[in-house]
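With mmCIF, C-alpha atoms inside, this is start_15.cif:
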```cif
data_upload
#
loop_
_atom_site.label_atom_id
_atom_site.label_comp_id
_atom_site.auth_asym_id
_atom_site.auth_seq_id
_atom_site.Cartn_x
_atom_site.Cartn_y
_atom_site.Cartn_z
CA MET A 1 14.53 8.48 -9.43
CA LEU A 2 14.40 5.36 -7.35
CA ALA A 3 11.32 3.24 -8.06
CA PRO A 4 10.16 -0.03 -6.49
CA ALA A 5 10.96 -3.37 -8.06
CA ARG A 6 12.76 -1.74 -10.95
CA ALA A 7 16.43 -1.21 -11.75
CA GLU A 8 17.03 2.50 -12.30
CA PRO A 9 20.19 4.62 -12.74
CA ALA A 10 21.55 5.54 -9.32
CA SER A 11 21.41 9.27 -10.15
CA ALA A 12 20.44 11.75 -12.85
CA ALA A 13 24.11 12.07 -13.76
CA ALA A 14 24.32 8.32 -14.27
CA ALA A 15 21.23 8.42 -16.46
CA ASP A 16 22.73 11.20 -18.60
CA LEU A 17 25.92 9.22 -18.91
CA ALA A 18 23.97 6.18 -20.10
CA ASP A 19 22.27 8.33 -22.75
CA ASP A 20 25.66 9.45 -24.04
CA ILE A 21 26.91 5.89 -24.57
CA ASP A 22 26.82 4.51 -28.11
CA TRP A 23 25.58 1.00 -27.36
CA THR A 24 26.06 -0.09 -30.98
CA GLU A 25 29.61 1.19 -31.38
CA ASP A 26 31.14 -2.29 -31.67
CA MET A 27 28.45 -3.66 -33.98
CA PRO A 28 28.83 -4.08 -37.76
CA GLY A 29 27.61 -1.12 -39.83
CA PRO A 30 24.57 -2.90 -41.33
CA VAL A 31 23.48 -4.00 -37.86
CA ARG A 32 23.85 -0.46 -36.48
CA ARG A 33 21.63 0.89 -39.24
CA ARG A 34 18.98 -1.72 -38.50
CA VAL A 35 19.17 -0.95 -34.79
CA ALA A 36 18.61 2.72 -35.64
CA ALA A 37 15.55 1.71 -37.66
CA LEU A 38 14.31 -0.43 -34.77
CA ARG A 39 14.62 2.56 -32.44
CA GLU A 40 12.32 4.51 -34.73
CA VAL A 41 9.82 1.67 -34.54
CA GLN A 42 10.24 1.63 -30.74
CA GLY A 43 9.51 5.36 -30.60
CA ASP A 44 6.31 4.91 -32.60
CA TYR A 45 5.32 2.01 -30.36
CA ASP A 46 5.93 4.10 -27.22
CA THR A 47 3.75 6.88 -28.62
CA LEU A 48 0.96 4.39 -29.25
CA LEU A 49 1.38 2.94 -25.76
CA GLN A 50 1.12 6.38 -24.19
CA ALA A 51 -2.15 6.97 -26.04
CA PHE A 52 -3.42 3.59 -24.81
CA VAL A 53 -2.54 4.39 -21.19
CA ARG A 54 -4.31 7.77 -21.41
CA GLU A 55 -7.47 6.27 -22.93
CA ARG A 56 -7.44 3.38 -20.45
CA ALA A 57 -7.20 5.82 -17.55
CA GLU A 58 -10.10 7.85 -18.95
CA LEU A 59 -12.19 4.68 -19.37
CA GLN A 60 -11.38 3.52 -15.86
CA ALA A 61 -12.23 6.95 -14.45
CA LYS A 62 -15.51 6.89 -16.39
CA TYR A 63 -16.58 3.62 -14.78
CA GLU A 64 -15.36 4.70 -11.36
CA LYS A 65 -17.71 7.67 -11.70
CA GLN A 66 -20.58 5.35 -12.62
CA ALA A 67 -19.72 3.08 -9.69
CA ALA A 68 -19.60 5.98 -7.20
CA PRO A 69 -23.35 5.79 -6.33
CA LEU A 70 -23.01 2.05 -5.68
CA LEU A 71 -20.04 2.60 -3.38
CA SER A 72 -21.93 5.37 -1.58
CA LYS A 73 -24.80 2.93 -1.09
CA ARG A 74 -22.33 0.36 0.27
CA GLN A 75 -21.03 2.96 2.72
CA ALA A 76 -24.57 3.84 3.84
CA ILE A 77 -25.49 0.19 4.36
CA VAL A 78 -22.35 -0.41 6.42
CA ALA A 79 -23.05 2.68 8.54
CA GLY A 80 -26.68 1.64 9.10
CA GLN A 81 -27.92 4.75 7.33
CA GLU A 82 -29.92 2.91 4.66
CA ALA A 83 -32.75 0.47 5.27
CA VAL A 84 -32.34 -3.04 3.91
CA GLY A 85 -34.74 -5.86 3.16
CA ALA A 86 -35.34 -9.00 5.20
CA TYR A 87 -33.41 -11.30 2.81
CA ASP A 88 -34.91 -14.44 4.40
CA VAL A 89 -33.03 -13.69 7.64
CA PRO A 90 -35.12 -14.52 10.75
CA ASP A 91 -36.29 -11.54 12.79
CA SER A 92 -34.59 -10.79 16.11
CA ASP A 93 -34.70 -8.22 18.89
CA GLU A 94 -31.14 -7.09 18.15
CA ALA A 95 -30.66 -3.42 17.30
CA ASP A 96 -29.67 -2.70 13.70
CA GLU A 97 -26.72 -0.33 13.95
CA GLY A 98 -25.01 -1.12 10.70
CA ILE A 99 -21.96 -3.36 10.48
CA PRO A 100 -19.43 -2.64 13.24
CA ASP A 101 -15.73 -2.92 12.31
CA PHE A 102 -16.57 -3.64 8.68
CA TRP A 103 -13.36 -2.29 7.15
CA LEU A 104 -11.19 -3.40 10.07
CA THR A 105 -12.46 -6.96 9.64
CA ALA A 106 -12.09 -6.90 5.86
CA ILE A 107 -8.50 -5.66 6.11
CA THR A 108 -7.44 -8.12 8.80
CA ASN A 109 -9.06 -10.98 6.87
CA HIS A 110 -6.97 -10.08 3.82
CA ASP A 111 -4.10 -12.49 3.46
CA MET A 112 -1.54 -9.74 2.83
CA LEU A 113 -2.94 -6.55 4.34
CA GLY A 114 -3.73 -8.17 7.66
CA GLU A 115 -0.01 -8.63 8.33
CA TYR A 116 0.45 -4.89 8.75
CA VAL A 117 -2.27 -4.25 11.33
CA THR A 118 -1.16 -4.12 14.96
CA GLU A 119 -3.40 -4.12 18.04
CA ARG A 120 -2.97 -0.35 18.34
CA ASP A 121 -3.83 0.07 14.65
CA ALA A 122 -7.00 -1.97 15.10
CA GLU A 123 -8.38 0.52 17.62
CA VAL A 124 -7.95 3.28 15.02
CA LEU A 125 -9.25 1.26 12.07
CA ARG A 126 -12.52 0.66 13.93
CA HIS A 127 -13.34 4.21 12.84
CA LEU A 128 -12.61 3.63 9.13
CA ALA A 129 -15.83 4.46 7.32
CA ASP A 130 -14.88 3.95 3.67
CA VAL A 131 -12.02 3.33 1.25
CA ARG A 132 -12.07 4.66 -2.31
CA VAL A 133 -9.80 4.46 -5.36
CA ALA A 134 -9.47 7.41 -7.75
CA THR A 135 -7.82 6.94 -11.15
CA LEU A 136 -6.03 10.05 -12.40
CA THR A 137 -6.22 11.13 -16.03
CA GLY A 138 -4.54 13.60 -18.39
CA GLU A 139 -0.86 14.18 -17.72
CA HIS A 140 -1.09 11.81 -14.74
CA ALA A 141 -2.67 8.96 -16.71
CA GLY A 142 -1.84 5.62 -15.11
CA SER A 143 -1.55 7.18 -11.64
CA PHE A 144 -4.08 6.62 -8.85
CA ARG A 145 -4.99 7.76 -5.36
CA LEU A 146 -6.31 5.85 -2.36
CA GLU A 147 -8.66 7.71 0.00
CA PHE A 148 -9.45 6.45 3.51
CA GLU A 149 -12.42 8.20 5.13
CA PHE A 150 -12.71 8.09 8.93
CA SER A 151 -15.53 8.94 11.28
CA GLN A 152 -14.80 11.29 14.16
CA ASN A 153 -12.43 9.56 16.54
CA PRO A 154 -10.09 10.24 19.49
CA HIS A 155 -6.94 9.26 17.58
CA PHE A 156 -6.49 11.98 14.95
CA THR A 157 -8.35 14.95 13.49
CA ASN A 158 -8.06 14.06 9.79
CA LYS A 159 -11.33 13.29 8.07
CA VAL A 160 -9.54 11.63 5.14
CA LEU A 161 -6.10 10.04 4.81
CA GLU A 162 -4.79 9.57 1.30
CA LYS A 163 -1.80 8.44 -0.71
CA THR A 164 -1.17 9.03 -4.40
CA PHE A 165 0.97 6.90 -6.69
CA TYR A 166 2.27 8.78 -9.71
CA MET A 167 3.40 7.20 -12.97
CA GLU A 168 5.73 9.78 -14.51
CA ASN A 169 6.12 7.62 -17.62
CA PRO A 170 2.98 5.96 -19.02
CA ASP A 171 4.88 2.81 -20.01
CA GLU A 172 6.11 2.20 -16.45
CA ILE A 173 4.61 -0.76 -14.61
CA VAL A 174 5.23 0.70 -11.15
CA PRO A 175 4.98 4.29 -9.84
CA ASP A 176 7.92 6.68 -9.83
CA LYS A 177 6.66 8.92 -7.04
CA PHE A 178 4.58 8.32 -3.90
CA ILE A 179 2.91 11.21 -2.09
CA GLY A 180 1.40 10.47 1.31
CA CYS A 181 -0.16 12.78 3.90
CA THR A 182 0.48 14.08 7.40
CA ILE A 183 -1.59 12.47 10.13
CA ASP A 184 -2.63 14.99 12.77
CA TRP A 185 -2.51 12.75 15.82
CA ALA A 186 -4.59 13.93 18.77
CA SER A 187 -1.66 13.44 21.14
CA PRO A 188 1.85 11.94 21.07
CA GLY A 189 0.50 8.83 22.75
CA ALA A 190 -2.11 8.35 20.03
CA ASP A 191 0.52 7.97 17.28
CA THR A 192 0.61 4.27 16.41
CA THR A 193 3.75 4.64 14.28
CA VAL A 194 5.99 5.25 17.30
CA THR A 195 6.45 3.65 20.68
CA THR A 196 7.57 5.29 23.91
CA VAL A 197 10.76 4.06 25.55
CA LYS A 198 11.61 4.99 29.15
CA LYS A 199 15.16 4.91 30.45
CA ARG A 200 16.68 5.63 33.84
CA VAL A 201 19.69 7.93 33.68
CA ALA A 202 22.15 9.04 36.31
CA ASP A 203 21.70 12.44 37.96
CA LYS A 204 24.41 15.05 38.07
CA LYS A 205 25.85 13.50 41.23
CA GLY A 206 26.34 10.21 39.49
CA GLY A 207 23.51 8.41 41.21
CA ARG A 208 21.14 6.13 39.33
CA GLY A 209 17.67 5.36 40.62
CA GLY A 210 16.74 4.74 44.24
CA LYS A 211 16.51 7.51 46.83
CA GLY A 212 19.79 8.99 45.67
CA GLY A 213 18.30 10.42 42.53
CA GLY A 214 18.27 9.47 38.91
CA LEU A 215 15.84 10.55 36.24
CA THR A 216 13.44 8.70 33.98
CA VAL A 217 13.77 9.95 30.44
CA SER A 218 11.14 9.15 27.83
CA SER A 219 11.81 9.02 24.10
CA THR A 220 10.03 7.67 21.07
CA LYS A 221 11.20 5.36 18.34
CA PRO A 222 9.53 4.13 15.12
CA CYS A 223 7.58 0.89 15.29
CA ASP A 224 5.50 -1.38 13.06
CA SER A 225 2.17 0.15 12.09
CA PHE A 226 -0.30 0.05 9.23
CA PHE A 227 -0.28 3.86 9.31
CA ASN A 228 3.35 3.97 8.18
CA PHE A 229 1.78 3.45 4.76
CA PHE A 230 0.69 7.10 4.66
CA LYS A 231 4.21 8.48 4.95
CA THR A 232 5.92 9.90 1.89
CA PRO A 233 9.20 8.11 1.16
CA VAL A 234 12.09 10.56 1.46
CA ILE A 235 14.26 10.16 -1.63
CA PRO A 236 17.44 12.25 -1.89
CA GLU A 237 18.24 13.99 -5.15
CA ASN A 238 21.20 11.67 -5.48
CA PRO A 239 20.50 8.17 -4.12
CA ASP A 240 24.28 7.61 -4.17
CA ASP A 241 24.32 9.67 -0.97
CA LEU A 242 22.60 6.77 0.81
CA GLY A 243 24.50 3.84 2.24
CA GLU A 244 23.73 0.36 0.99
CA GLU A 245 21.54 -0.52 4.01
CA GLU A 246 19.66 2.80 3.80
CA LEU A 247 19.06 2.30 0.09
CA GLU A 248 17.76 -1.23 0.65
CA ALA A 249 15.46 -0.01 3.45
CA LEU A 250 14.08 2.74 1.20
CA GLN A 251 13.54 0.27 -1.65
CA GLN A 252 11.76 -2.14 0.71
CA GLN A 253 9.51 0.65 2.02
CA MET A 254 8.49 1.64 -1.51
CA ASP A 255 7.96 -1.97 -2.58
CA GLU A 256 5.70 -2.60 0.41
CA ASP A 257 3.78 0.64 -0.07
CA TYR A 258 2.99 -0.29 -3.67
CA GLU A 259 2.03 -3.85 -2.71
CA ILE A 260 -0.39 -2.48 -0.12
CA ALA A 261 -1.84 0.03 -2.57
CA THR A 262 -2.30 -2.63 -5.24
CA ALA A 263 -4.03 -4.96 -2.78
CA PHE A 264 -6.52 -2.23 -1.86
CA ARG A 265 -7.06 -1.14 -5.45
CA GLU A 266 -7.42 -4.51 -7.12
CA SER A 267 -8.63 -6.78 -4.34
CA LEU A 268 -10.07 -5.34 -1.15
CA VAL A 269 -11.99 -2.26 -2.32
CA PRO A 270 -13.78 -3.97 -5.24
CA ARG A 271 -14.84 -6.97 -3.13
CA ALA A 272 -14.95 -5.62 0.39
CA VAL A 273 -18.00 -7.62 1.51
CA GLU A 274 -16.32 -10.90 0.56
CA TRP A 275 -13.20 -10.00 2.54
CA PHE A 276 -15.42 -9.01 5.48
CA THR A 277 -17.16 -12.38 5.52
CA GLY A 278 -13.91 -14.22 4.85
CA GLU A 279 -15.10 -15.97 1.70
CA ALA A 280 -12.50 -14.16 -0.43
CA ALA A 281 -9.63 -15.29 1.78
CA PRO A 282 -7.56 -18.23 0.50
CA PRO A 283 -7.56 -21.50 2.49
CA LEU A 284 -5.30 -21.42 5.53
CA TYR A 285 -3.88 -24.85 4.75
CA ASP A 286 -3.71 -27.41 1.99
CA GLU A 287 -5.98 -30.41 2.19
CA PHE A 288 -3.15 -32.87 1.75
CA ASP A 289 0.49 -32.85 2.75
CA GLU A 290 3.39 -33.74 0.43
CA ASP A 291 2.80 -37.47 0.93
CA GLY A 292 -0.85 -37.23 -0.01
CA GLU A 293 -1.92 -37.57 3.63
CA PHE A 294 -4.11 -35.25 5.67
CA GLY A 295 -2.07 -33.04 7.96
CA GLU A 296 -2.69 -33.28 11.71
CA ASP A 297 -5.55 -31.00 12.79
CA GLY A 298 -5.55 -29.52 9.31
CA GLU A 299 -2.28 -27.67 9.83
CA PHE A 300 0.89 -27.42 7.81
CA GLU A 301 3.63 -29.69 9.04
CA ASP A 302 6.96 -28.03 9.85
CA GLU A 303 5.60 -24.70 8.68
CA GLU A 304 7.07 -21.61 10.29
CA GLU A 305 5.02 -18.50 10.86
CA PRO A 306 5.82 -15.96 8.14
CA PRO A 307 7.85 -13.00 9.42
CA ARG A 308 6.28 -9.59 9.68
CA ARG A 309 7.41 -7.38 6.86
CA ARG A 310 6.68 -3.98 8.35
#
```
What would you get if you wrote out this structure as structure tokens?
Amino acid sequence: MLAPARAEPASAAAADLADDIDWTEDMPGPVRRRVAALREVQGDYDTLLQAFVRERAELQAKYEKQAAPLLSKRQAIVAGQEAVGAYDVPDSDEADEGIPDFWLTAITNHDMLGEYVTERDAEVLRHLADVRVATLTGEHAGSFRLEFEFSQNPHFTNKVLEKTFYMENPDEIVPDKFIGCTIDWASPGADTTVTTVKKRVADKKGGRGGKGGGLTVSSTKPCDSFFNFFKTPVIPENPDDLGEEELEALQQQMDEDYEIATAFRESLVPRAVEWFTGEAAPPLYDEFDEDGEFGEDGEFEDEEEPPRRR
């Protein structure tokens, strides 16, 4: 199965063929015997590694359970549902209604995640109430799930959007399978993952536009959106059936999905308040240029804006 950032056999048949190859056939007899012995050692090591991954997942799940009340308290503070102290902040007549756009601001402040949020996405993410990470255990040790909880909103009816990243082999460093969810958009126009294209076409009499006729036909096409993240990559049973460009596009989609998931899991969710304030964000520019001089207005010289990747 195709997996991001990892060279895999193009198909199950290719994998079986690789297993049938005697990779030591041309080696001297004594070397082949020692390679066979090394494979036994490798098997024992893999067994130990699998036990480590299972125990690590159980330990991580244990502490996630202990952290759950703290994250619930964070959610209540953000929503304005829990009273807070004065904290040496001067009194004011402003209403305390929680922290508006907390998660939207944290995400857009993130140096990588912010690249994926469009203006249309931002309107939806204003309703994001919480983000959680769940580590899976047992046969799915090493796998994890991201859960995005939304308040009631006019964009879709889902209460929670989620995506799960499965490690089929405990010694893998990246997932083998991604399972997203279906977003129940309130209307076709609410779907931020597509854009509407209108085109004038000729009528049956051959006219185009004007008083003589002609029709306006609307269609949709995919577009950049943070919410593309929740789609499940469609992987054929035999990736050889895909053309080179299609295979590269699929690989890029899976790479980006895992990068986004990792950023949420390891960076944004654990330190959300620091991404909200901006203190966790890296500097936007270096203090000195290559010649040891300050750049003009604190900007990079001859620096192009990075391209959008989604």
Counting all atoms listed in the file, which residue out of A:Val89, A:Ala83, A:Ala51, A:Ala122 sits closest to Asp101 of chain A? A:Ala122
Which residues are near Thr192 of chain A? Cut-off 10 Å, all atoms listed in the file, ignore same chain within fewer than 6 positions. Put them as a ChimeraX atom specification. /A:118-124,155,185,222-228
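The nearest approach to Pro282 of chain A among the residues A:Val131, A:Asp96, A:Met112, A:Ala36, with all atoms listed in the file taken into account, belongs to A:Met112.
Distances from A:Val133, A:Leu215, A:Ala95, A:Ile235 to Phe178 of chain A were compared using only C-alpha atoms, and the smallest one belongs to A:Ile235.
When only C-alpha atoms are used to measure the gap to Ala261 of chain A, the shortest distance among A:Ala106, A:Ile99, A:Leu49, A:Val174 belongs to A:Val174.
Atom CA of Ala129 of chain A lies 19.0 Å from atom CA of Glu266 of chain A.
Here atom CA of Arg145 of chain A and atom CA of Phe165 of chain A stand 6.2 Å from one another.
Interatomic distance, atom CA of Glu147 of chain A to atom CA of Lys159 of chain A: 10.2 Å.
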Let me know the centre plus edge lengths, in Å and rounded to one decimal, of a box with edges along x, y and z that contains all listed atoms of segment 92-103 of chain A and is padded by 4 Å on every side, as lines of an AutoDock Vina configuration file.
```
center_x = -24.0
center_y = -5.6
center_z = 13.0
size_x = 29.3
size_y = 18.5
size_z = 19.7
```
Return as a ChimeraX atom specification the set of residues that the PyMOL selection byres ((chain A and resi 269) around 10) yields on the displayed structure. /A:71,103,106-107,130-133,146,263-268,270-273,275
Go through segment 93-212 of chain A residue by residue and, counting only C-alpha atoms, keep those with an atom at most 6 Å from segment 52-57 of chain A; for each kept residue give the shortest atom pair and its distance in Å to one decimal, ordered by chain and increasing number, as JSON lines.
```
{"residue": "A:Thr137", "atom": "CA", "partner": "A:Ala57", "partner_atom": "CA", "distance": 5.6}
{"residue": "A:Ala141", "atom": "CA", "partner": "A:Arg54", "partner_atom": "CA", "distance": 5.1}
{"residue": "A:Gly142", "atom": "CA", "partner": "A:Ala57", "partner_atom": "CA", "distance": 5.9}
```
Nearby residues (all atoms listed in the file) at most 9 Å from Glu162 of chain A, same-chain spacing under 2 positions excluded, as a PDB file with C-alpha atoms, in the frame of the given file:
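Written out: out-v4.pdb:
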```pdb
ATOM      1  CA  ARG A 145      -4.990   7.760  -5.360  1.00  0.00           C
ATOM      2  CA  LEU A 146      -6.310   5.850  -2.360  1.00  0.00           C
ATOM      3  CA  GLU A 147      -8.660   7.710   0.000  1.00  0.00           C
ATOM      4  CA  PHE A 148      -9.450   6.450   3.510  1.00  0.00           C
ATOM      5  CA  GLU A 149     -12.420   8.200   5.130  1.00  0.00           C
ATOM      6  CA  VAL A 160      -9.540  11.630   5.140  1.00  0.00           C
ATOM      7  CA  THR A 164      -1.170   9.030  -4.400  1.00  0.00           C
ATOM      8  CA  ILE A 179       2.910  11.210  -2.090  1.00  0.00           C
ATOM      9  CA  GLY A 180       1.400  10.470   1.310  1.00  0.00           C
ATOM     10  CA  CYS A 181      -0.160  12.780   3.900  1.00  0.00           C
ATOM     11  CA  PHE A 230       0.690   7.100   4.660  1.00  0.00           C
TER      12      PHE A 230
END
```
